[in-house]
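Dumped run-v7.tsv below, it's TSV, C-alpha atoms:
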chain	number	residue	atom	x	y	z
R	493	MET	CA	135.15	107.47	136.66
R	494	THR	CA	135.75	111.02	135.47
R	495	GLN	CA	135.30	114.19	137.47
R	496	GLN	CA	131.99	114.90	135.72
R	497	ARG	CA	129.62	113.56	138.35
R	498	PRO	CA	126.30	114.59	139.80
R	499	GLY	CA	126.49	116.23	143.19
R	500	LYS	CA	129.24	118.07	145.04
R	501	PRO	CA	132.08	116.10	146.73
R	502	VAL	CA	132.12	116.14	150.52
R	503	LEU	CA	135.70	117.41	150.43
R	504	GLY	CA	137.17	119.75	147.85
R	505	LEU	CA	139.12	118.06	145.08
R	506	ALA	CA	141.98	120.49	145.49
R	507	ALA	CA	142.23	119.78	149.22
R	508	LEU	CA	142.28	116.05	148.64
R	509	ALA	CA	144.89	116.31	145.92
R	510	LEU	CA	147.06	118.38	148.26
R	511	ALA	CA	146.74	115.66	150.90
R	512	CYS	CA	148.96	113.39	148.85
R	513	ALA	CA	151.02	116.09	147.14
R	514	GLY	CA	153.87	115.51	149.57
R	515	SER	CA	154.23	112.00	148.20
R	516	LEU	CA	154.56	113.13	144.59
R	517	PRO	CA	157.80	114.00	142.81
R	518	ALA	CA	158.54	117.64	142.16
R	519	ALA	CA	157.45	118.88	138.75
R	520	HIS	CA	161.06	119.50	137.69
R	521	ALA	CA	162.28	116.07	138.75
R	522	ALA	CA	163.01	113.98	135.68
R	523	ASP	CA	165.60	111.54	137.06
R	524	THR	CA	164.72	108.07	135.79
R	525	THR	CA	168.11	106.47	136.51
R	526	TRP	CA	167.21	104.68	139.77
R	527	LYS	CA	168.26	101.05	139.52
R	528	PRO	CA	166.96	98.61	142.13
R	529	ALA	CA	169.57	96.37	143.75
R	530	LYS	CA	167.25	93.59	144.95
R	531	PRO	CA	163.87	91.99	144.13
R	532	ILE	CA	160.73	94.13	144.33
R	533	LYS	CA	157.48	93.12	146.03
R	534	LEU	CA	154.32	93.93	144.09
R	535	ILE	CA	151.60	93.67	146.74
R	536	VAL	CA	148.14	92.52	145.71
R	537	ALA	CA	145.66	93.02	148.55
R	538	TYR	CA	143.43	90.21	147.27
R	539	PRO	CA	143.68	86.41	146.90
R	540	PRO	CA	145.42	84.68	143.98
R	541	GLY	CA	143.33	84.22	140.85
R	542	GLY	CA	141.19	87.34	141.28
R	543	PRO	CA	141.08	90.22	138.80
R	544	VAL	CA	143.74	92.36	140.53
R	545	ASP	CA	146.07	89.36	140.82
R	546	GLN	CA	145.55	88.55	137.15
R	547	MET	CA	146.33	92.10	136.06
R	548	ALA	CA	149.43	92.27	138.28
R	549	ARG	CA	150.79	89.11	136.66
R	550	ALA	CA	149.92	90.45	133.21
R	551	PHE	CA	152.74	93.00	133.35
R	552	SER	CA	155.04	92.09	136.28
R	553	ASN	CA	157.53	90.14	134.14
R	554	GLU	CA	157.87	93.02	131.70
R	555	MET	CA	158.49	95.40	134.60
R	556	ALA	CA	161.16	93.05	135.92
R	557	ASN	CA	162.89	93.03	132.54
R	558	GLU	CA	162.96	96.83	132.48
R	559	LEU	CA	164.11	97.22	136.09
R	560	GLY	CA	166.69	94.44	136.03
R	561	GLN	CA	165.31	92.77	139.18
R	562	PRO	CA	162.51	90.24	139.82
R	563	VAL	CA	159.09	91.75	140.50
R	564	ILE	CA	157.39	89.28	142.83
R	565	VAL	CA	153.61	89.35	143.11
R	566	ASP	CA	152.83	89.01	146.83
R	567	ASN	CA	149.17	88.28	147.68
R	568	ARG	CA	148.07	89.66	151.04
R	569	GLY	CA	144.30	89.37	150.95
R	570	GLY	CA	141.92	90.09	153.80
R	571	ALA	CA	139.65	92.77	155.29
R	572	SER	CA	138.42	93.95	151.87
R	573	GLY	CA	141.95	94.90	150.85
R	574	ALA	CA	142.82	96.72	154.09
R	575	LEU	CA	145.35	94.06	155.16
R	576	GLY	CA	147.46	94.53	152.06
R	577	ALA	CA	147.03	98.30	152.07
R	578	ASN	CA	148.36	98.53	155.62
R	579	PHE	CA	151.32	96.31	154.74
R	580	VAL	CA	152.27	98.80	152.02
R	581	ARG	CA	151.56	101.77	154.30
R	582	ARG	CA	154.06	100.46	156.86
R	583	ALA	CA	156.74	99.56	154.30
R	584	GLU	CA	159.90	101.61	153.79
R	585	PRO	CA	159.44	104.07	150.90
R	586	ASP	CA	162.60	102.82	149.23
R	587	GLY	CA	160.99	101.46	146.05
R	588	TYR	CA	161.15	97.79	147.02
R	589	THR	CA	157.47	97.57	148.02
R	590	ILE	CA	154.78	98.76	145.62
R	591	SER	CA	151.16	97.75	145.15
R	592	LEU	CA	148.57	97.34	142.44
R	593	ILE	CA	145.55	99.00	144.04
R	594	MET	CA	141.98	99.10	142.76
R	595	ASP	CA	138.87	101.24	143.16
R	596	ALA	CA	138.06	99.68	146.55
R	597	HIS	CA	141.27	101.26	147.91
R	598	THR	CA	139.51	104.64	147.97
R	599	ILE	CA	136.19	103.23	149.24
R	600	VAL	CA	137.05	100.90	152.13
R	601	PRO	CA	138.37	103.55	154.60
R	602	SER	CA	135.05	105.40	154.34
R	603	LEU	CA	133.13	102.19	155.04
R	604	MET	CA	135.36	100.64	157.72
R	605	LYS	CA	136.35	102.74	160.71
R	606	ASP	CA	139.14	100.29	161.52
R	607	ALA	CA	140.57	100.11	157.99
R	608	GLY	CA	143.79	101.57	159.39
R	609	TYR	CA	144.93	103.53	156.35
R	610	ARG	CA	144.18	106.76	154.53
R	611	PRO	CA	143.83	106.22	150.78
R	612	LEU	CA	145.64	109.42	149.79
R	613	GLU	CA	148.00	110.57	152.52
R	614	ASP	CA	149.51	107.15	153.25
R	615	PHE	CA	150.47	106.34	149.64
R	616	THR	CA	152.51	107.63	146.73
R	617	PRO	CA	150.57	107.50	143.45
R	618	ILE	CA	152.70	106.13	140.57
R	619	GLY	CA	150.24	105.73	137.73
R	620	LEU	CA	146.85	104.55	136.56
R	621	VAL	CA	147.11	101.16	134.83
R	622	THR	CA	143.62	100.26	133.63
R	623	ARG	CA	140.05	101.47	133.77
R	624	ALA	CA	136.81	99.89	132.54
R	625	PRO	CA	133.08	100.51	132.95
R	626	MET	CA	130.74	98.29	134.90
R	627	ALA	CA	127.85	96.50	133.22
R	628	ILE	CA	124.46	95.75	134.77
R	629	GLY	CA	123.45	92.29	133.64
R	630	VAL	CA	120.03	90.67	134.00
R	631	ASN	CA	118.73	87.11	133.68
R	632	ALA	CA	117.46	86.80	130.10
R	633	GLN	CA	114.12	85.42	131.32
R	634	ARG	CA	113.28	88.67	133.08
R	635	PRO	CA	111.12	91.24	131.26
R	636	TYR	CA	113.55	94.16	131.60
R	637	LYS	CA	115.14	95.39	128.37
R	638	THR	CA	116.90	98.47	129.81
R	639	PHE	CA	117.78	99.71	133.27
R	640	ARG	CA	115.13	102.38	132.84
R	641	ASP	CA	112.60	99.50	132.77
R	642	VAL	CA	113.95	98.31	136.12
R	643	ALA	CA	113.67	101.78	137.64
R	644	GLU	CA	110.09	102.24	136.45
R	645	ALA	CA	109.05	98.82	137.80
R	646	ALA	CA	110.70	99.55	141.14
R	647	ARG	CA	108.96	102.92	141.45
R	648	ALA	CA	105.62	101.23	140.85
R	649	LYS	CA	106.45	98.38	143.24
R	650	PRO	CA	109.48	98.95	145.52
R	651	ARG	CA	111.92	96.03	145.92
R	652	SER	CA	110.22	94.10	143.12
R	653	ALA	CA	113.57	93.72	141.32
R	654	SER	CA	116.63	92.24	143.01
R	655	TYR	CA	120.38	92.46	142.51
R	656	GLY	CA	123.38	90.70	144.02
R	657	VAL	CA	126.71	92.32	144.91
R	658	SER	CA	129.55	91.99	147.40
R	659	GLN	CA	129.09	94.64	150.07
R	660	GLY	CA	131.59	97.48	150.15
R	661	THR	CA	132.52	97.13	146.48
R	662	LEU	CA	132.22	99.67	143.71
R	663	GLY	CA	129.32	97.68	142.27
R	664	SER	CA	127.37	97.93	145.51
R	665	LEU	CA	127.86	101.69	145.68
R	666	VAL	CA	126.92	102.09	142.01
R	667	MET	CA	123.57	100.40	142.62
R	668	LEU	CA	122.88	102.40	145.78
R	669	GLN	CA	123.68	105.67	144.05
R	670	LEU	CA	121.44	104.83	141.10
R	671	GLN	CA	118.54	104.21	143.45
R	672	ARG	CA	119.18	107.53	145.14
R	673	LEU	CA	119.44	109.44	141.86
R	674	GLY	CA	116.38	107.73	140.34
R	675	ASN	CA	114.21	107.67	143.48
R	676	PHE	CA	113.41	103.96	143.47
R	677	GLU	CA	114.19	100.96	145.67
R	678	LEU	CA	115.63	97.58	144.69
R	679	LEU	CA	116.10	94.45	146.77
R	680	ASN	CA	119.79	94.13	147.66
R	681	VAL	CA	120.96	90.52	148.14
R	682	PRO	CA	124.50	90.50	149.64
R	683	TYR	CA	127.14	88.01	148.50
R	684	LYS	CA	130.70	87.26	149.54
R	685	GLY	CA	131.92	87.42	145.96
R	686	ALA	CA	130.98	88.18	142.38
R	687	ALA	CA	131.03	84.55	141.26
R	688	PRO	CA	128.18	83.26	143.50
R	689	ALA	CA	126.06	86.33	142.67
R	690	LEU	CA	126.52	85.65	138.96
R	691	GLN	CA	125.57	82.00	139.38
R	692	ASP	CA	122.40	82.93	141.26
R	693	ALA	CA	121.48	85.45	138.56
R	694	LEU	CA	121.91	82.73	135.94
R	695	GLY	CA	119.82	80.38	138.06
R	696	GLY	CA	117.03	82.91	138.54
R	697	GLN	CA	117.40	83.37	142.31
R	698	ILE	CA	118.12	87.08	141.74
R	699	ASP	CA	117.47	89.36	138.78
R	700	MET	CA	120.67	91.36	138.27
R	701	VAL	CA	124.39	91.56	138.87
R	702	VAL	CA	126.96	94.32	138.38
R	703	GLY	CA	130.44	93.63	137.04
R	704	PHE	CA	132.92	94.19	134.25
R	705	PRO	CA	131.54	93.41	130.76
R	706	SER	CA	134.09	90.62	130.28
R	707	LYS	CA	132.51	88.68	133.16
R	708	VAL	CA	129.05	88.55	131.58
R	709	MET	CA	130.02	88.34	127.89
R	710	PRO	CA	130.00	84.51	127.74
R	711	TYR	CA	126.44	84.46	129.11
R	712	ILE	CA	125.30	87.17	126.72
R	713	GLN	CA	126.61	85.12	123.82
R	714	SER	CA	124.78	82.04	125.15
R	715	ARG	CA	121.61	84.17	125.56
R	716	GLN	CA	121.41	83.44	129.30
R	717	MET	CA	121.83	87.11	130.18
R	718	ARG	CA	121.53	90.53	128.61
R	719	VAL	CA	123.06	93.84	129.61
R	720	LEU	CA	120.72	96.66	130.63
R	721	ALA	CA	123.29	99.47	130.83
R	722	VAL	CA	126.95	100.32	131.09
R	723	THR	CA	128.28	102.84	133.62
R	724	SER	CA	130.65	104.71	131.29
R	725	LYS	CA	130.02	108.06	129.67
R	726	GLU	CA	130.38	106.51	126.20
R	727	ARG	CA	129.06	103.17	124.99
R	728	SER	CA	131.33	100.17	125.52
R	729	LYS	CA	133.24	98.91	122.47
R	730	ASP	CA	132.43	95.39	123.66
R	731	LEU	CA	128.70	96.19	123.92
R	732	PRO	CA	127.99	98.84	121.27
R	733	ASP	CA	124.23	98.22	121.28
R	734	VAL	CA	123.84	98.74	125.04
R	735	PRO	CA	122.84	102.29	126.08
R	736	THR	CA	124.73	104.09	128.82
R	737	LEU	CA	123.02	105.14	132.03
R	738	GLY	CA	123.27	108.72	130.81
R	739	GLU	CA	121.31	107.83	127.70
R	740	GLN	CA	118.64	106.34	129.96
R	741	GLY	CA	118.10	109.55	131.89
R	742	PHE	CA	120.48	109.18	134.85
R	743	GLY	CA	122.64	112.22	134.07
R	744	GLU	CA	126.37	112.72	133.53
R	745	ILE	CA	127.56	109.37	134.86
R	746	ASP	CA	130.99	107.89	134.26
R	747	TRP	CA	131.67	105.25	136.90
R	748	SER	CA	134.49	102.83	136.18
R	749	GLY	CA	136.44	100.16	137.95
R	750	TRP	CA	140.17	100.85	137.89
R	751	MET	CA	143.60	99.69	138.98
R	752	GLY	CA	146.79	101.64	139.51
R	753	LEU	CA	150.30	101.42	140.86
R	754	ALA	CA	151.19	103.04	144.20
R	755	GLY	CA	153.80	102.82	146.93
R	756	PRO	CA	154.17	103.98	150.54
R	757	ALA	CA	154.05	107.71	151.25
R	758	GLY	CA	157.35	109.51	150.92
R	759	MET	CA	158.92	107.65	148.00
R	760	PRO	CA	161.82	109.69	146.56
R	761	PRO	CA	161.03	111.53	143.32
R	762	ALA	CA	163.70	109.67	141.34
R	763	ILE	CA	162.15	106.31	142.24
R	764	VAL	CA	158.62	107.47	141.41
R	765	GLN	CA	159.78	108.85	138.06
R	766	ARG	CA	161.63	105.63	137.27
R	767	TYR	CA	158.55	103.53	137.99
R	768	SER	CA	156.35	105.88	135.97
R	769	SER	CA	158.69	105.68	132.99
R	770	VAL	CA	158.88	101.88	133.18
R	771	LEU	CA	155.12	101.53	133.63
R	772	LYS	CA	154.41	103.70	130.59
R	773	LYS	CA	156.78	101.67	128.44
R	774	VAL	CA	155.51	98.29	129.65
R	775	LEU	CA	151.85	99.22	129.15
R	776	SER	CA	152.58	100.16	125.54
R	777	GLU	CA	153.90	96.69	124.66
R	778	PRO	CA	151.53	94.78	122.33
R	779	ALA	CA	151.66	91.56	124.37
R	780	VAL	CA	150.65	93.40	127.55
R	781	ILE	CA	147.90	95.32	125.78
R	782	GLU	CA	146.55	92.03	124.41
R	783	ARG	CA	146.49	90.44	127.89
R	784	PHE	CA	144.62	93.41	129.34
R	785	ASN	CA	142.12	93.50	126.48
R	786	ALA	CA	141.49	89.76	126.84
R	787	ALA	CA	140.59	90.35	130.49
R	788	GLY	CA	138.22	93.19	129.58
R	789	MET	CA	140.44	95.77	131.30
R	790	PRO	CA	142.00	98.00	128.63
R	791	VAL	CA	145.24	99.82	129.36
R	792	ASP	CA	144.73	103.40	130.56
R	793	PHE	CA	148.04	104.88	131.69
R	794	SER	CA	148.44	108.19	133.51
R	795	ASP	CA	151.43	109.86	135.15
R	796	PRO	CA	151.76	110.35	138.95
R	797	PRO	CA	150.16	113.85	139.24
R	798	THR	CA	147.22	112.86	137.04
R	799	PHE	CA	146.71	109.65	138.97
R	800	ALA	CA	146.82	111.59	142.26
R	801	LYS	CA	144.01	113.88	141.09
R	802	PHE	CA	142.02	110.89	139.89
R	803	MET	CA	142.36	109.14	143.26
R	804	ALA	CA	141.31	112.34	145.03
R	805	SER	CA	138.21	112.59	142.86
R	806	GLU	CA	137.30	108.95	143.52
R	807	THR	CA	137.79	109.34	147.26
R	808	ALA	CA	135.69	112.51	147.47
R	809	TYR	CA	132.82	111.25	145.36
R	810	TRP	CA	132.35	107.82	146.94
R	811	ASN	CA	132.92	109.16	150.45
R	812	LYS	CA	129.96	111.48	149.87
R	813	VAL	CA	127.85	108.55	148.64
R	814	ILE	CA	128.75	106.59	151.78
R	815	VAL	CA	128.12	109.52	154.14
R	816	ASP	CA	124.82	110.48	152.50
R	817	GLY	CA	123.65	106.87	152.59
R	818	LYS	CA	124.84	106.32	156.17
R	819	LEU	CA	126.68	103.22	154.96
R	820	ALA	CA	129.73	103.35	157.22
R	821	ALA	CA	130.14	100.74	159.94
R	822	SER	CA	129.25	102.00	163.42
R	823	ASN	CA	132.21	100.34	165.08

Take the structure from the file and write it as C-alpha cells.
Amino acid sequence: MTQQRPGKPVLGLAALALACAGSLPAAHAADTTWKPAKPIKLIVAYPPGGPVDQMARAFSNEMANELGQPVIVDNRGGASGALGANFVRRAEPDGYTISLIMDAHTIVPSLMKDAGYRPLEDFTPIGLVTRAPMAIGVNAQRPYKTFRDVAEAARAKPRSASYGVSQGTLGSLVMLQLQRLGNFELLNVPYKGAAPALQDALGGQIDMVVGFPSKVMPYIQSRQMRVLAVTSKERSKDLPDVPTLGEQGFGEIDWSGWMGLAGPAGMPPAIVQRYSSVLKKVLSEPAVIERFNAAGMPVDFSDPPTFAKFMASETAYWNKVIVDGKLAASN
C-alpha cells in the first residue's frame, strides 16, 4: 500500500516514523562488516506451510551463505502473530534474532488490546522484502462481472452479497473499508483461515473471497472463479484484464499485502546495515526472484529508513480504519 490513500491518518506519518527512528541506523553509518559468530533465528509468527513461512524459506539459505552462519526458520505461531512478535520484542538486539513480519504486524495491536507489542517502537525495521496486491474473487456462477456490480447490488439490497475472510486480516479490513467508502453493506462470513473460505466460495456457500492473485489463479484458469478487482493502483501483471478498484470508482486505492525483515528495537547500526546489504543482494539473485514470483509475491526491496516510513504509513492508515469502524476488541 502506498501513502496515497483516501482519508487522513489518525496519527501523523512523521510522528509515527519518529517513533521507531531510535531503532534505525544513523544516516552516516555504512559499516557492513558485522560477522555473526553463531546461528541466527528467523522468527515466523505463523505455522509452517503458510505464506510467510514459505517466503522465509525462499531466501533463508541464501542469507546463511552470505552471513556465514545458519539462518534457522523458527515458527512461533499463535494469537494472530502476536506470540511471535512478542518473542522478537523480548529478544536481545544483538542480531541473532530477526523476524519476517507481514501486514498483520501493523494491524493486530490496533485490534487486540492484549497484543503486547507496539508495531513501530518495539522493532528495528531492516527492509521490505515483498509486496503484492489483493484480488477479490467471486464464484463464476454469480452474476457479478466487476466489484462495482457487487456494490450496486448491495446498495439496492443490503447484505445480498457475501464474502468470507479471516477476521483481523488485511483482507477483512479491505472489505470493510470498501463498504465504508462505497456506502453499501455486504454479508461478512468469518473463517479461521483463507483455505476454508476459498473452498466455500468454490462450493457456492459464499460469493466472494479476498486473497493474493496466486491463490485464485488455478480456479480462474478452470473457470470456477473470476476476479472482480485488484487492490493495487496499477493493474496486476498476472491479471491484466481485471480493472483496479480505482478504475471502478473507489478512488486512489493501493492496498497491498507485504512482508519485511525486522529485529528487536535497539539493534546496532552496523548489524542493521549488514542485514540490509545482505538482504538486497539475496533478493537480487535469479533463483530467489523466481521462487517469489512462483508464489505470486514479487520481490520489492527497500532500505531500513524507507521501510520504517512504509510501516508507519500502514500503521496509521489501518489504525484509523479500525478506530472509525469500532473494530477493536473491548477487552

Closest of R:Asn680, R:Asn557, R:Ser728, R:Thr723 to Ser658 in chain R - atom-to-atom distances counting all atoms listed in the file:
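With all atoms listed in the file as the atom set, the closest residue is R:Asn680.
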
Shortest contact to Arg640 in chain R, candidates R:Gly576, R:Pro735, R:Gly619, R:Pro756, atoms counted all atoms listed in the file, goes to R:Pro735

Next item on the list: Considering all atoms listed in the file, state which residue in the set R:Gln561, R:Thr622, R:Ser652, R:Gln691 is at the smallest distance from Ala787 in chain R.
Entry: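 Of R:Gln561, R:Thr622, R:Ser652, R:Gln691, the one nearest Ala787 in chain R, counting all atoms listed in the file, is R:Thr622.
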
Residues around (134.8, 102.3, 146.4), cut-off 10 Å, counting only C-alpha atoms - what are they as a PyMOL selection string?
chain R and resi 594-603+660-666+749+806-807+809-811+813-814

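Separating CA of Tyr655 in chain R from CA of Met700 in chain R is a distance of 4.4 Å.
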
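With all atoms listed in the file as the basis for measurement, R:Asp795 is the residue among R:Asp795, R:Asp699, R:Glu677, R:Glu782 that approaches Ser768 in chain R most closely.
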
*asked:* With all atoms listed in the file as the counted atoms, please give the residues lying no more than 10 Å from range 541-554 of chain R, apart from itself and same-chain residues fewer than 6 positions off, as a PyMOL selection string.
replied: chain R and resi 534-535+560-567+591-594+621-622+750-753+770-771+773-775+777+779-784+787+789

Measuring between all atoms listed in the file, which one of R:Lys729, R:Pro797, R:Gln716, R:Asn631 shows the shortest distance to Pro761 in chain R?
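Checking each of R:Lys729, R:Pro797, R:Gln716, R:Asn631 against Pro761 in chain R, counting all atoms listed in the file, the winner is R:Pro797.
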
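Candidate residues R:Leu737, R:Ala820, R:Ile590, R:Val722 were compared for distance to Ala577 in chain R, and the nearest is R:Ile590, using all atoms listed in the file.
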
In Å and to one decimal, CA of Pro796 in chain R is distant from CA of Arg623 in chain R by 15.6 Å

As a check of understanding: the span from CA of Glu644 in chain R to CA of Val702 in chain R is 18.7 Å

Written coordinates, N, CA, C and O atoms of range 795-807 of chain R as an mmCIF file, in the first residue's frame:
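As written to disk, out06.cif reads:
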data_model
loop_
_atom_site.group_PDB
_atom_site.id
_atom_site.type_symbol
_atom_site.label_atom_id
_atom_site.label_comp_id
_atom_site.auth_asym_id
_atom_site.auth_seq_id
_atom_site.Cartn_x
_atom_site.Cartn_y
_atom_site.Cartn_z
ATOM 1 N N ASP R 795 15.300 -0.096 1.723
ATOM 2 C CA ASP R 795 16.284 0.017 2.798
ATOM 3 C C ASP R 795 15.581 0.316 4.130
ATOM 4 O O ASP R 795 14.374 0.566 4.161
ATOM 5 N N PRO R 796 16.321 0.295 5.249
ATOM 6 C CA PRO R 796 15.684 0.470 6.567
ATOM 7 C C PRO R 796 14.876 1.763 6.726
ATOM 8 O O PRO R 796 13.731 1.705 7.199
ATOM 9 N N PRO R 797 15.400 2.946 6.354
ATOM 10 C CA PRO R 797 14.577 4.164 6.545
ATOM 11 C C PRO R 797 13.291 4.144 5.720
ATOM 12 O O PRO R 797 12.230 4.573 6.189
ATOM 13 N N THR R 798 13.382 3.657 4.486
ATOM 14 C CA THR R 798 12.195 3.601 3.637
ATOM 15 C C THR R 798 11.171 2.620 4.192
ATOM 16 O O THR R 798 9.967 2.888 4.189
ATOM 17 N N PHE R 799 11.653 1.496 4.685
ATOM 18 C CA PHE R 799 10.754 0.504 5.267
ATOM 19 C C PHE R 799 10.109 1.051 6.538
ATOM 20 O O PHE R 799 8.927 0.805 6.807
ATOM 21 N N ALA R 800 10.850 1.830 7.316
ATOM 22 C CA ALA R 800 10.289 2.429 8.535
ATOM 23 C C ALA R 800 9.127 3.364 8.193
ATOM 24 O O ALA R 800 8.078 3.342 8.840
ATOM 25 N N LYS R 801 9.302 4.189 7.161
ATOM 26 C CA LYS R 801 8.226 5.097 6.751
ATOM 27 C C LYS R 801 7.024 4.313 6.236
ATOM 28 O O LYS R 801 5.871 4.681 6.497
ATOM 29 N N PHE R 802 7.291 3.244 5.508
ATOM 30 C CA PHE R 802 6.213 2.417 4.988
ATOM 31 C C PHE R 802 5.411 1.791 6.129
ATOM 32 O O PHE R 802 4.176 1.816 6.131
ATOM 33 N N MET R 803 6.103 1.244 7.130
ATOM 34 C CA MET R 803 5.420 0.659 8.278
ATOM 35 C C MET R 803 4.606 1.704 9.033
ATOM 36 O O MET R 803 3.496 1.421 9.503
ATOM 37 N N ALA R 804 5.144 2.911 9.139
ATOM 38 C CA ALA R 804 4.410 3.987 9.820
ATOM 39 C C ALA R 804 3.128 4.327 9.066
ATOM 40 O O ALA R 804 2.069 4.534 9.672
ATOM 41 N N SER R 805 3.222 4.379 7.747
ATOM 42 C CA SER R 805 2.041 4.663 6.935
ATOM 43 C C SER R 805 0.988 3.579 7.089
ATOM 44 O O SER R 805 -0.201 3.858 7.250
ATOM 45 N N GLU R 806 1.427 2.315 7.051
ATOM 46 C CA GLU R 806 0.495 1.196 7.223
ATOM 47 C C GLU R 806 -0.193 1.255 8.581
ATOM 48 O O GLU R 806 -1.411 1.078 8.692
ATOM 49 N N THR R 807 0.596 1.501 9.627
ATOM 50 C CA THR R 807 0.049 1.538 10.978
ATOM 51 C C THR R 807 -0.984 2.647 11.120
ATOM 52 O O THR R 807 -2.075 2.448 11.671
#
